[in-house]
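Printed here is final_9.cif (mmCIF, C-alpha atoms):
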data_protein
loop_
_atom_site.label_atom_id
_atom_site.label_comp_id
_atom_site.auth_asym_id
_atom_site.auth_seq_id
_atom_site.Cartn_x
_atom_site.Cartn_y
_atom_site.Cartn_z
CA MET A 295 98.59 105.32 125.26
CA ILE A 296 97.06 106.81 128.39
CA GLN A 297 99.46 108.14 130.99
CA HIS A 298 98.32 108.06 134.63
CA ILE A 299 99.54 110.71 137.07
CA ASP A 300 98.69 110.45 140.76
CA VAL A 301 98.46 114.04 142.06
CA HIS A 302 98.43 112.98 145.71
CA ALA A 303 101.69 111.09 145.20
CA VAL A 304 103.20 114.04 143.36
CA LEU A 305 102.19 116.36 146.22
CA GLN A 306 103.63 114.05 148.85
CA GLU A 307 106.90 113.59 146.99
CA SER A 308 107.44 117.15 145.84
CA VAL A 309 106.01 119.39 148.54
CA SER A 310 105.03 117.66 151.73
CA GLY A 311 104.74 114.11 152.95
CA VAL A 312 102.28 115.33 155.56
CA TYR A 313 99.64 117.45 153.84
CA THR A 314 97.05 116.23 151.37
CA ASP A 315 95.60 119.60 150.33
CA LEU A 316 96.42 121.46 147.16
CA VAL A 317 96.62 124.99 148.51
CA THR A 318 98.80 128.04 147.78
CA ARG A 319 100.43 129.11 144.53
CA PRO A 320 103.92 127.89 145.38
CA THR A 321 102.52 124.40 145.99
CA GLY A 322 100.51 124.50 142.78
CA ARG A 323 103.56 125.62 140.83
CA VAL A 324 105.75 122.79 142.17
CA VAL A 325 103.07 120.16 141.57
CA ARG A 326 102.41 121.41 138.02
CA GLU A 327 106.10 121.40 137.17
CA CYS A 328 106.38 117.79 138.39
CA ILE A 329 103.37 116.80 136.29
CA GLU A 330 104.85 118.58 133.26
CA ARG A 331 108.12 116.71 133.70
CA ALA A 332 106.30 113.40 133.99
CA MET A 333 104.33 114.18 130.83
CA ALA A 334 107.43 115.21 128.95
CA THR A 335 109.08 111.84 129.52
CA GLY A 336 106.38 109.96 127.65
CA ALA A 337 105.20 112.68 125.33
CA ALA A 338 105.78 110.80 122.08
CA GLU A 339 103.52 107.87 122.88
CA VAL A 340 100.97 109.53 125.15
CA ALA A 341 97.67 110.63 123.61
CA VAL A 342 95.82 111.22 126.86
CA ALA A 343 97.12 112.18 130.30
CA ARG A 344 94.85 111.06 133.13
CA ILE A 345 95.41 113.31 136.15
CA ASP A 346 94.15 111.50 139.23
CA PHE A 347 92.92 113.62 142.17
CA THR A 348 92.00 110.65 144.36
CA ARG A 349 93.13 111.19 148.00
CA VAL A 350 93.65 114.92 147.41
CA GLY A 351 91.97 116.84 150.23
CA CYS A 352 90.87 120.28 149.20
CA ILE A 353 92.03 122.39 146.27
CA ASP A 354 91.89 126.16 146.38
CA TYR A 355 91.54 128.61 143.49
CA SER A 356 95.24 129.34 143.43
CA CYS A 357 96.10 125.68 142.90
CA ALA A 358 93.24 125.12 140.47
CA ASP A 359 94.65 127.97 138.40
CA GLU A 360 98.28 127.05 138.83
CA ILE A 361 97.80 123.34 138.05
CA VAL A 362 94.73 122.73 135.91
CA ALA A 363 94.43 126.00 133.99
CA LYS A 364 98.15 126.31 133.30
CA LEU A 365 98.48 122.66 132.24
CA LEU A 366 95.62 123.17 129.81
CA ARG A 367 97.18 126.32 128.42
CA SER A 368 100.64 124.84 128.04
CA ARG A 369 99.85 121.36 126.83
CA PRO A 370 98.29 120.72 123.44
CA GLY A 371 97.41 117.10 124.31
CA VAL A 372 94.26 115.80 125.99
CA LEU A 373 93.96 116.01 129.78
CA VAL A 374 91.42 113.97 131.69
CA LEU A 375 90.86 114.55 135.38
CA MET A 376 89.70 111.64 137.52
CA GLY A 377 89.02 111.19 141.22
CA VAL A 378 87.50 114.66 141.23
CA SER A 379 85.08 115.25 144.11
CA ASP A 380 82.20 117.72 144.10
CA GLY A 381 84.33 120.00 146.27
CA HIS A 382 87.27 119.87 143.84
CA ARG A 383 84.97 120.55 140.96
CA GLU A 384 83.48 123.61 142.62
CA GLU A 385 86.91 125.20 142.77
CA ILE A 386 88.15 124.07 139.34
CA GLU A 387 85.11 124.97 137.24
CA PRO A 388 84.99 128.76 137.80
CA VAL A 389 88.73 129.05 137.29
CA LEU A 390 88.46 127.37 133.88
CA ALA A 391 85.40 129.41 132.96
CA GLY A 392 87.34 132.57 133.78
CA HIS A 393 90.06 131.51 131.34
CA ARG A 394 87.51 130.31 128.71
CA LEU A 395 88.99 126.85 129.06
CA ALA A 396 87.45 123.42 129.57
CA VAL A 397 88.70 120.09 130.83
CA LEU A 398 87.44 116.54 130.71
CA ILE A 399 86.40 114.86 133.92
CA GLU A 400 86.12 111.08 134.00
CA ARG A 401 83.36 109.97 136.35
CA PRO A 402 83.70 106.82 138.50
CA ASP A 403 81.68 104.87 135.87
CA GLY A 404 84.17 105.87 133.17
CA THR A 405 81.94 108.32 131.35
CA LEU A 406 83.37 111.69 130.39
CA GLU A 407 82.08 115.16 131.02
CA ALA A 408 83.58 118.45 129.86
CA VAL A 409 83.49 121.25 132.43
CA GLY A 410 84.48 124.88 132.20
CA ALA A 411 83.47 127.49 129.62
CA PRO A 412 80.50 126.06 127.64
CA ASP A 413 81.93 126.82 124.17
CA ALA A 414 85.29 125.34 125.05
CA ALA A 415 83.61 122.31 126.64
CA ALA A 416 81.54 121.59 123.50
CA ALA A 417 84.60 121.99 121.27
CA LEU A 418 86.62 119.68 123.48
CA LEU A 419 84.07 116.88 123.24
CA GLU A 420 83.85 117.25 119.46
CA GLU A 421 87.63 117.12 119.16
CA LEU A 422 87.79 114.01 121.31
CA VAL A 423 85.36 112.17 119.08
CA ALA A 424 87.00 113.45 115.89
CA ARG A 425 90.39 112.20 117.06
CA ARG A 426 88.78 108.86 118.05
CA LEU A 427 90.07 109.19 121.56
CA ALA A 428 86.56 108.71 122.87
CA ALA A 429 83.45 106.98 121.62
CA ARG A 430 79.79 107.61 122.19
CA SER A 431 77.65 104.87 123.74
CA PRO A 432 74.12 104.23 122.45
CA GLY A 433 72.92 106.31 125.40
CA GLY A 434 74.99 109.27 124.23
CA THR A 435 77.65 109.18 126.95
CA LEU A 436 81.33 109.37 126.07
CA THR A 437 84.09 107.07 127.28
CA LEU A 438 87.79 106.92 126.44
CA THR A 439 88.60 104.39 123.73
CA MET B 269 107.19 158.89 177.38
CA THR B 270 104.58 156.18 176.93
CA ARG B 271 101.36 156.73 174.99
CA LEU B 272 98.18 154.93 175.96
CA VAL B 273 96.00 152.99 173.54
CA GLU B 274 92.82 151.82 175.15
CA VAL B 275 91.47 148.45 174.04
CA PRO B 276 87.67 148.62 173.84
CA ALA B 277 85.80 146.63 176.49
CA GLN B 278 83.88 144.85 173.72
CA PHE B 279 86.55 144.48 171.09
CA ASP B 280 85.31 143.37 167.71
CA ASP B 281 84.98 144.68 164.16
CA ARG B 282 82.41 147.26 165.27
CA SER B 283 84.66 148.81 167.89
CA PHE B 284 87.81 148.41 165.81
CA ASP B 285 87.66 151.95 164.40
CA GLN B 286 87.63 153.34 167.94
CA PHE B 287 90.76 151.28 168.63
CA ALA B 288 92.36 152.32 165.32
CA SER B 289 91.69 155.97 166.12
CA ALA B 290 93.38 155.66 169.52
CA PHE B 291 96.27 153.78 167.91
CA ALA B 292 96.76 156.36 165.14
CA GLU B 293 96.72 159.23 167.65
CA ALA B 294 99.13 157.56 170.05
CA ALA B 295 101.53 156.30 167.40
CA LYS B 296 102.03 159.57 165.55
CA ASP B 297 105.01 160.82 167.55
CA GLY B 298 106.85 157.48 167.70
CA GLU B 299 106.73 157.08 171.48
CA ARG B 300 106.44 153.71 173.15
CA LEU B 301 102.85 152.50 173.28
CA LEU B 302 100.91 150.93 176.11
CA PHE B 303 97.91 148.89 174.98
CA ASP B 304 95.55 148.84 177.91
CA ALA B 305 93.25 145.83 177.84
CA HIS B 306 92.75 145.57 181.62
CA ALA B 307 89.05 146.41 181.33
CA ALA B 308 88.37 144.15 178.35
CA GLU B 309 85.20 142.11 178.77
CA TRP B 310 85.12 140.33 175.43
CA ALA B 311 87.11 140.18 172.22
CA SER B 312 86.18 138.55 168.96
CA PRO B 313 88.81 136.75 166.85
CA TYR B 314 88.93 139.94 164.77
CA GLY B 315 89.78 141.97 167.86
CA LEU B 316 92.50 139.55 168.93
CA VAL B 317 94.30 139.37 165.59
CA GLY B 318 93.83 143.13 165.15
CA LEU B 319 95.52 143.75 168.49
CA LEU B 320 98.45 141.60 167.41
CA ALA B 321 98.70 143.58 164.17
CA ALA B 322 98.80 146.80 166.20
CA GLY B 323 101.59 145.35 168.32
CA GLN B 324 103.46 144.33 165.18
CA ALA B 325 103.09 147.83 163.76
CA ALA B 326 104.08 149.53 167.01
CA ARG B 327 107.18 147.41 167.29
CA GLY B 328 108.06 147.89 163.64
CA ALA B 329 107.74 151.63 164.01
CA GLY B 330 110.46 151.62 166.62
CA GLY B 331 108.34 151.32 169.73
CA GLY B 332 110.02 154.24 171.38
CA SER B 333 111.59 157.60 170.85
CA GLY B 334 114.98 156.00 170.35
CA GLY B 335 113.66 153.82 167.55
CA SER B 336 115.24 150.86 169.29
CA GLY B 337 112.51 148.38 168.43
CA GLU B 338 111.49 148.27 172.10
CA ARG B 339 108.37 146.20 172.50
CA PRO B 340 105.10 148.01 173.22
CA LEU B 341 103.46 147.31 176.57
CA LEU B 342 100.23 145.39 177.04
CA THR B 343 98.21 145.19 180.22
CA ALA B 344 96.32 141.92 180.20
CA PRO B 345 92.61 141.74 181.02
CA THR B 346 91.95 141.54 184.74
CA HIS B 347 88.74 139.54 184.50
CA ALA B 348 89.69 135.88 185.00
CA ASP B 349 87.26 134.49 182.42
CA VAL B 350 88.43 136.96 179.79
CA LEU B 351 92.04 136.18 180.54
CA THR B 352 91.41 132.45 180.28
CA TYR B 353 89.56 132.86 176.99
CA TRP B 354 92.29 135.00 175.44
CA THR B 355 94.81 132.38 176.51
CA ARG B 356 92.75 129.46 175.18
CA ALA B 357 92.32 131.37 171.93
CA GLY B 358 96.11 131.36 171.59
CA PHE B 359 96.44 135.14 171.86
CA PHE B 360 99.14 135.32 174.52
CA ARG B 361 101.30 132.71 172.81
CA GLU B 362 101.67 135.15 169.90
CA ALA B 363 101.52 138.34 172.00
CA ALA B 364 104.53 137.29 174.08
CA GLU B 365 106.83 137.97 171.12
CA LEU B 366 105.34 141.36 170.35
CA PHE B 367 104.49 142.94 173.69
CA GLU B 368 105.95 143.36 177.12
CA ILE B 369 102.96 141.90 178.93
CA HIS B 370 101.87 143.14 182.33
CA GLY B 371 99.42 141.11 184.34
CA LYS B 372 99.20 137.48 185.25
CA VAL B 373 98.58 135.24 182.28
CA PRO B 374 97.20 131.80 183.19
CA ARG B 375 99.06 128.73 182.06
CA VAL B 376 96.36 127.04 180.02
CA LYS B 377 96.91 125.48 176.66
CA ALA B 378 95.48 126.90 173.50
CA ALA B 379 92.12 125.26 172.88
CA GLU B 380 92.09 121.81 171.34
CA GLU B 381 88.41 120.99 171.55
CA SER B 382 86.04 123.89 171.81
CA ASP B 383 84.40 126.61 169.78
CA VAL B 384 87.89 127.89 169.05
CA LEU B 385 88.23 126.03 165.76
CA LEU B 386 91.62 127.51 165.06
CA PRO B 387 93.49 129.38 167.77
CA VAL B 388 95.34 132.54 166.81
CA THR B 389 97.94 131.20 164.39
CA PRO B 390 100.80 133.01 162.68
CA VAL B 391 100.85 133.11 158.88
CA ARG B 392 104.21 133.97 157.37
CA ALA B 393 104.71 131.56 154.49
CA ALA B 394 102.92 129.08 152.24
CA GLU B 395 103.73 126.23 154.66
CA ASP B 396 101.74 128.02 157.36
CA VAL B 397 98.72 128.11 155.05
CA HIS B 398 99.06 124.34 154.54
CA ALA B 399 99.11 123.81 158.29
CA VAL B 400 96.10 126.08 158.83
CA VAL B 401 94.03 124.34 156.15
CA SER B 402 94.97 120.90 157.40
CA ASN B 403 94.13 121.76 161.02
CA ILE B 404 90.84 123.41 160.20
CA GLN B 405 89.62 120.45 158.17
CA GLN B 406 90.33 118.08 161.01
CA ARG B 407 88.74 120.27 163.66
CA ALA B 408 85.97 122.11 161.90
CA SER B 409 84.32 119.58 159.61
CA ALA B 410 81.99 118.20 162.28
CA ILE B 411 80.98 121.63 163.52
CA LEU B 412 80.40 123.00 160.03
CA ALA B 413 78.20 120.06 159.12
CA SER B 414 76.34 119.40 162.37
CA GLU B 415 76.00 122.84 163.90
CA LEU B 416 75.93 125.10 160.85
CA GLY B 417 74.12 122.68 158.57
CA LEU B 418 76.65 123.04 155.76
CA GLU B 419 76.92 120.21 153.25
CA PRO B 420 80.17 118.21 153.47
CA LYS B 421 81.39 119.74 150.21
CA ALA B 422 80.95 123.17 151.78
CA THR B 423 83.68 122.26 154.23
CA MET B 424 86.09 122.15 151.32
CA GLY B 425 84.90 125.57 150.20
CA PHE B 426 85.43 126.82 153.72
CA ALA B 427 89.02 125.57 153.62
CA MET B 428 89.45 127.27 150.26
CA ALA B 429 88.16 130.58 151.67
CA LEU B 430 90.50 130.28 154.61
CA SER B 431 93.42 129.42 152.36
CA GLU B 432 92.84 132.35 150.03
CA ALA B 433 92.36 134.80 152.91
CA CYS B 434 95.66 133.67 154.46
CA GLN B 435 97.47 133.78 151.13
CA ASN B 436 96.70 137.48 150.91
CA ILE B 437 99.13 137.92 153.79
CA VAL B 438 101.83 135.74 152.25
CA GLU B 439 101.60 137.30 148.81
CA HIS B 440 100.74 140.92 149.48
CA ALA B 441 101.42 142.04 153.04
CA GLY B 442 105.21 142.02 152.95
CA THR B 443 105.16 140.78 156.53
CA GLY B 444 103.55 138.05 158.61
CA GLY B 445 100.07 138.11 160.07
CA TRP B 446 97.61 136.00 162.03
CA VAL B 447 94.45 134.02 161.50
CA ALA B 448 91.86 132.76 163.96
CA VAL B 449 88.63 130.82 163.46
CA GLN B 450 85.86 130.51 165.95
CA ALA B 451 82.26 129.31 166.13
CA TYR B 452 79.82 131.04 168.41
CA HIS B 453 76.20 131.86 168.96
CA TRP B 454 75.62 135.33 167.58
CA ARG B 455 72.71 136.69 169.52
CA ARG B 456 73.16 140.33 168.52
CA LYS B 457 72.45 139.95 164.81
CA LEU B 458 71.13 136.57 163.96
CA ALA B 459 70.24 134.52 167.02
CA LYS B 460 72.11 131.76 165.21
CA ARG B 461 75.45 130.06 165.35
CA VAL B 462 78.14 131.46 163.07
CA VAL B 463 81.67 130.59 162.14
CA VAL B 464 84.03 133.55 161.95
CA ILE B 465 87.38 133.74 160.20
CA ALA B 466 89.55 136.70 161.16
CA VAL B 467 92.83 137.49 159.41
CA ALA B 468 95.02 140.50 160.13
CA ASP B 469 98.45 141.84 159.31
CA ALA B 470 100.27 145.13 159.69
CA GLY B 471 101.83 144.99 156.24
CA VAL B 472 101.67 147.33 153.29
CA GLY B 473 97.91 147.15 152.74
CA PHE B 474 95.87 146.88 149.53
CA ARG B 475 96.54 150.39 148.24
CA HIS B 476 100.29 150.03 148.33
CA SER B 477 100.15 146.52 146.91
CA LEU B 478 97.99 147.52 143.93
CA GLU B 479 99.35 151.01 143.33
CA PRO B 480 101.90 150.17 140.59
CA THR B 481 99.31 148.50 138.36
CA GLN B 482 96.03 150.21 139.29
CA SER B 483 96.53 153.80 140.41
CA LYS B 484 96.60 155.28 136.88
CA ARG B 485 93.35 153.57 136.00
CA PHE B 486 91.60 155.20 138.95
CA GLY B 487 93.29 158.58 138.63
CA THR B 488 92.27 161.04 141.34
CA ARG B 489 89.91 158.45 142.85
CA TRP B 490 92.87 156.27 143.79
CA GLY B 491 93.15 155.54 147.50
CA ASP B 492 92.43 152.84 150.07
CA ALA B 493 88.74 152.59 149.15
CA ALA B 494 89.45 152.32 145.41
CA ALA B 495 92.10 149.68 146.07
CA LEU B 496 89.68 147.60 148.12
CA GLU B 497 87.01 147.99 145.45
CA ALA B 498 89.47 146.90 142.77
CA ALA B 499 90.53 143.83 144.74
CA LEU B 500 87.21 142.60 146.09
CA ILE B 501 84.69 143.73 143.48
CA GLN B 502 86.75 143.78 140.27
CA GLY B 503 89.09 140.92 141.17
CA VAL B 504 92.27 142.70 140.15
CA SER B 505 95.67 141.69 141.38
CA ARG B 506 99.09 143.30 141.38
CA PHE B 507 100.25 140.41 139.19
CA ARG B 508 99.65 140.59 135.45
CA ASP B 509 99.06 136.85 135.19
CA PRO B 510 95.41 136.50 134.03
CA GLY B 511 94.71 133.80 136.63
CA ARG B 512 95.45 136.14 139.51
CA GLY B 513 92.82 137.90 141.55
CA GLN B 514 90.57 134.84 141.66
CA GLY B 515 91.04 134.19 145.36
CA LEU B 516 88.80 136.95 146.69
CA ALA B 517 86.32 136.31 143.86
CA GLY B 518 86.21 132.68 144.96
CA ILE B 519 85.55 133.69 148.55
CA ARG B 520 82.73 135.95 147.35
CA ARG B 521 81.13 133.12 145.38
CA TYR B 522 81.35 130.80 148.36
CA LEU B 523 79.83 133.37 150.69
CA ALA B 524 77.05 134.21 148.24
CA ARG B 525 76.07 130.56 148.26
CA TRP B 526 76.08 130.23 152.04
CA ASP B 527 74.71 133.70 152.81
CA GLY B 528 77.96 134.79 154.38
CA LYS B 529 79.67 138.11 154.83
CA ILE B 530 83.15 139.41 154.09
CA ALA B 531 84.56 142.74 155.23
CA ILE B 532 88.08 143.99 154.53
CA ARG B 533 89.64 146.97 156.25
CA SER B 534 92.86 148.44 154.91
CA GLY B 535 94.39 151.83 155.61
CA THR B 536 91.56 154.31 155.95
CA ALA B 537 88.82 152.31 154.22
CA ARG B 538 86.63 149.30 154.74
CA ILE B 539 84.63 147.35 152.18
CA ALA B 540 81.99 144.71 152.81
CA ILE B 541 79.77 142.32 150.91
CA VAL B 542 76.70 142.65 153.06
CA PRO B 543 74.13 139.84 153.23
CA LYS B 544 70.47 140.56 153.94
CA TRP B 545 70.76 139.66 157.61
CA ASP B 546 73.32 142.41 158.24
CA ASP B 547 73.09 146.21 158.17
CA ASP B 548 76.76 146.98 157.62
CA VAL B 549 77.82 149.70 155.18
CA PRO B 550 79.25 148.41 151.85
CA LEU B 551 82.07 150.95 151.66
CA LYS B 552 83.48 153.34 154.22
CA ASP B 553 86.30 155.78 153.59
CA GLY B 554 88.06 158.32 155.78
CA LEU B 555 88.41 155.94 158.71
CA PRO B 556 91.26 156.26 161.21
CA ALA B 557 94.40 154.93 159.52
CA PHE B 558 95.51 151.45 160.51
CA PRO B 559 98.36 149.55 158.87
CA GLY B 560 98.01 146.43 156.74
CA ALA B 561 94.75 144.62 156.11
CA GLN B 562 92.14 143.03 158.35
CA VAL B 563 89.70 140.51 156.91
CA LEU B 564 86.49 139.29 158.51
CA ILE B 565 84.47 136.38 157.11
CA ILE B 566 81.23 135.24 158.71
CA ILE B 567 79.27 132.14 157.71
CA PRO B 568 75.93 131.71 159.44
CA GLU B 569 74.10 128.56 160.39
CA GLN B 570 71.99 127.37 157.48
CA GLY B 571 68.29 126.67 157.64
CA SER B 572 66.05 129.62 157.18
CA THR B 573 68.61 131.28 154.91
CA LYS B 574 68.32 130.51 151.20
CA ARG B 575 71.27 129.05 149.27
#
This structure in structure tokens:
Amino acid sequence: MIQHIDVHAVLQESVSGVYTDLVTRPTGRVVRECIERAMATGAAEVAVARIDFTRVGCIDYSCADEIVAKLLRSRPGVLVLMGVSDGHREEIEPVLAGHRLAVLIERPDGTLEAVGAPDAAAALLEELVARRLAARSPGGTLTLT
Amino acid sequence: MTRLVEVPAQFDDRSFDQFASAFAEAAKDGERLLFDAHAAEWASPYGLVGLLAAGQAARGAGGGSGGSGERPLLTAPTHADVLTYWTRAGFFREAAELFEIHGKVPRVKAAEESDVLLPVTPVRAAEDVHAVVSNIQQRASAILASELGLEPKATMGFAMALSEACQNIVEHAGTGGWVAVQAYHWRRKLAKRVVVIAVADAGVGFRHSLEPTQSKRFGTRWGDAAALEAALIQGVSRFRDPGRGQGLAGIRRYLARWDGKIAIRSGTARIAIVPKWDDDVPLKDGLPAFPGAQVLIIIPEQGSTKR
């Protein structure tokens, strides 16, 4: 089962109904803890958690570290980010590279890309295929099964 | 007795050391201070937030021989245009709490549509950073894209840089501070438009913040300059969490891409990442002491500069 988590909704409910930006460590911490609680409720059946950044304004390094990097470090399951803009990606990627971590990003066409530290990214894609959570198309792109 | 601190006529990062020297000299015996800005002709956002930080420090130090917390005095600029600009930039709204102001301050609102992208705004807590980032994205996106030629995604990076610079106050200063953002045509250096972010506080400064975790590593070299080097160049933080210290590194990466500049002054030192278009000094030590930290970020108009 794939669990869907709307980060914008989490931000609005947990921190502020006004702001759409993921900035500051306290905000990142609160949002991550909400996501962790949501994941914990369905942990037994969930193979993949899809973290949706649609409608999130900007994300700073503090939030990228506090949310994405710490979720990756704490959760053994598979995380897939979606709704990630070029601007989001520019902040998330160096944070993950600094931690030697990688995360999957699902593009609007459904194909997957691993971003972060190159070694970790390659290992992540291999693991995904090995666990049959994703399949390769004839063109070589990966999509969730 | 009241001690005089003259505000430079052209008050920006280049004249700040002159101001800091006057401040350090006047503040050493704990008397009430008079900041004299009557002859001011121009002040950059850096000058304005720096003046507020001086007022904060002077008040915190007691502001008088009795240590009563008496507010320092400030004589407002006499030139009408200067006075109007300082008011539109939001300076007097913040200064009113810190200083006993002498001179007639015009009743104009802080700028809503102008080159003042973000008027002088207090930063005390994480919620303030949210408000700053939200405001700047609404007001600055068009100017960043149309006048500076930055790609839309660079606007998000700009917000990130602003957020991280402000968070330094919240997480490290131990007190509140101020931020201001302005766009202007910079004839002196570039003959181009620039956007300037200025952040200042009168808190504990980088050396004090990093001392418990870093001073042993630097040994006898430890001081304001070493602390700034550790924070900006080596990306160290007072927190042991491995994800910390990325904020300033992120700002550096952003500025490297857009040919920008960052300079941080704290205590008696100042460090800068100097782009090719500037002739600033990368590291200065032995400057007149000034409390807290003052950050200057400059992003120039794109075009002839390489990304």
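Proximity to His393 in chain A at 9 Å, evaluated using only C-alpha atoms and with sequence-adjacent residues fewer than 3 positions away removed, yields Ala363, Pro388, Val389, Leu390, Ala396, Gly410 and Ala411 of chain A; Pro510 and Gly511 of chain B.
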Distance filter 6 Å, all atoms listed in the file, chain A against chain B, as a list of chain:residue names: A:Cys352, A:Asp354, A:Tyr355, A:Gly381
Using Å and a single decimal, report how far CA of Thr348 in chain A sits from CA of Ala332 in chain A. 17.9 Å
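The shell of residues at most 8 Å from Phe347 in chain A, with all atoms listed in the file counted and near chain neighbours (fewer than 6 positions) removed, consists of Asp300, Val301, His302, Leu375, Met376, Gly377 and Val378 of chain A.
Selection check: the PyMOL selection byres ((chain B and resi 537) around 10) on the shown file gives Arg475, Gly491, Asp492, Ala493, Ala494, Ala495, Leu496, Glu497, Ile532, Arg533, Ser534, Gly535, Thr536, Arg538, Ile539, Leu551, Lys552, Asp553, Gly554, Leu555, Pro556, Ala557, Phe558 and Ala561 of chain B.
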Since I can't run it myself right now, could you work out what the PyMOL selection byres ((chain B and resi 482) around 12) selects here and report it as a PyMOL selection string? chain B and resi 474-481+483-492+494-499+502-508
If you apply the PyMOL selection byres ((chain A and resi 413) around 12) to this file, what residues do you get, as a list in words?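 That expression, the PyMOL selection byres ((chain A and resi 413) around 12), corresponds here to Leu390, Ala391, His393, Arg394, Leu395, Ala396, Val397, Ala408, Val409, Gly410, Ala411, Pro412, Ala414, Ala415, Ala416, Ala417, Leu418, Leu419 and Glu420 of chain A.
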Could you write those residues out with C-alpha atoms, as a PDB file, in the coordinates of the input?
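Saved the output as part09.pdb:
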ATOM      1  CA  LEU A 390      88.460 127.370 133.880  1.00  0.00           C
ATOM      2  CA  ALA A 391      85.400 129.410 132.960  1.00  0.00           C
ATOM      3  CA  HIS A 393      90.060 131.510 131.340  1.00  0.00           C
ATOM      4  CA  ARG A 394      87.510 130.310 128.710  1.00  0.00           C
ATOM      5  CA  LEU A 395      88.990 126.850 129.060  1.00  0.00           C
ATOM      6  CA  ALA A 396      87.450 123.420 129.570  1.00  0.00           C
ATOM      7  CA  VAL A 397      88.700 120.090 130.830  1.00  0.00           C
ATOM      8  CA  ALA A 408      83.580 118.450 129.860  1.00  0.00           C
ATOM      9  CA  VAL A 409      83.490 121.250 132.430  1.00  0.00           C
ATOM     10  CA  GLY A 410      84.480 124.880 132.200  1.00  0.00           C
ATOM     11  CA  ALA A 411      83.470 127.490 129.620  1.00  0.00           C
ATOM     12  CA  PRO A 412      80.500 126.060 127.640  1.00  0.00           C
ATOM     13  CA  ALA A 414      85.290 125.340 125.050  1.00  0.00           C
ATOM     14  CA  ALA A 415      83.610 122.310 126.640  1.00  0.00           C
ATOM     15  CA  ALA A 416      81.540 121.590 123.500  1.00  0.00           C
ATOM     16  CA  ALA A 417      84.600 121.990 121.270  1.00  0.00           C
ATOM     17  CA  LEU A 418      86.620 119.680 123.480  1.00  0.00           C
ATOM     18  CA  LEU A 419      84.070 116.880 123.240  1.00  0.00           C
ATOM     19  CA  GLU A 420      83.850 117.250 119.460  1.00  0.00           C
TER      20      GLU A 420
END
From the options A:Leu373, A:Val324, A:Met333, A:Val340, which residue's atoms come nearest to Ser310 in chain A, counting all atoms listed in the file?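 Ranked by minimum distance to Ser310 in chain A, first place goes to A:Val324.
For the atom pair formed by CA of Met269 in chain B and CA of Leu302 in chain B, the distance is 10.2 Å, given to one decimal.
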Determine, counting all atoms listed in the file, which protein, DNA and RNA residues have an atom within 8 Å of an atom of Ser308 in chain A; residues of the same chain fewer than 4 positions away are not included. Present the result as a list in words. Val304, Val324, Val325 and Cys328 of chain A
I'd like the contact shell of range 283-300 of chain B - 10 Å cut-off, all atoms listed in the file, skipping same-chain residues fewer than 5 positions apart - returned as a count of residues only. 40
Nearest to Leu342 in chain B among B:Glu365, B:Asp304, B:Glu309, B:Asp280, with distances taken over all atoms listed in the file: which residue is it? B:Asp304
Would you mind reading off the distance between CA of Ala540 in chain B and CA of Gly322 in chain A, one decimal, in Å?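 Calculated distance between CA of Ala540 in chain B and CA of Gly322 in chain A is 29.2 Å.
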Is there a way to get, as an mmCIF file with C-alpha atoms, in the frame of the given file, all residues within 12 Å of the point (72.3, 131.4, 149.4) in file coordinates, counting all atoms listed in the file?
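Saved file point-v8.cif follows:
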data_model
loop_
_atom_site.group_PDB
_atom_site.id
_atom_site.type_symbol
_atom_site.label_atom_id
_atom_site.label_comp_id
_atom_site.auth_asym_id
_atom_site.auth_seq_id
_atom_site.Cartn_x
_atom_site.Cartn_y
_atom_site.Cartn_z
ATOM 1 C CA LEU B 418 76.650 123.040 155.760
ATOM 2 C CA ARG B 520 82.730 135.950 147.350
ATOM 3 C CA ARG B 521 81.130 133.120 145.380
ATOM 4 C CA TYR B 522 81.350 130.800 148.360
ATOM 5 C CA LEU B 523 79.830 133.370 150.690
ATOM 6 C CA ALA B 524 77.050 134.210 148.240
ATOM 7 C CA ARG B 525 76.070 130.560 148.260
ATOM 8 C CA TRP B 526 76.080 130.230 152.040
ATOM 9 C CA ASP B 527 74.710 133.700 152.810
ATOM 10 C CA GLY B 528 77.960 134.790 154.380
ATOM 11 C CA LYS B 529 79.670 138.110 154.830
ATOM 12 C CA PRO B 543 74.130 139.840 153.230
ATOM 13 C CA LYS B 544 70.470 140.560 153.940
ATOM 14 C CA TRP B 545 70.760 139.660 157.610
ATOM 15 C CA ILE B 567 79.270 132.140 157.710
ATOM 16 C CA PRO B 568 75.930 131.710 159.440
ATOM 17 C CA GLU B 569 74.100 128.560 160.390
ATOM 18 C CA GLN B 570 71.990 127.370 157.480
ATOM 19 C CA GLY B 571 68.290 126.670 157.640
ATOM 20 C CA SER B 572 66.050 129.620 157.180
ATOM 21 C CA THR B 573 68.610 131.280 154.910
ATOM 22 C CA LYS B 574 68.320 130.510 151.200
ATOM 23 C CA ARG B 575 71.270 129.050 149.270
#
Within 9 Å of range 448-452 of chain B, counting only C-alpha atoms, which residues show up once you throw out same-chain ones fewer than 6 positions away? Write them as an NGL selection string, please. :B and (312-314 or 316-317 or 357-358 or 382-389 or 404 or 411-412 or 460-467)
List every protein, DNA or RNA residue that has an atom no more than 7 Å from (104.5, 130.2, 138.9) in the file's coordinate frame, counting only C-alpha atoms, and report them as a PyMOL selection string. chain A and resi 320+323+360
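Distances from A:Ser379, A:Thr321, A:Gln297, A:Ser431 to Glu400 in chain A were compared using all atoms listed in the file, and the smallest one belongs to A:Ser379.
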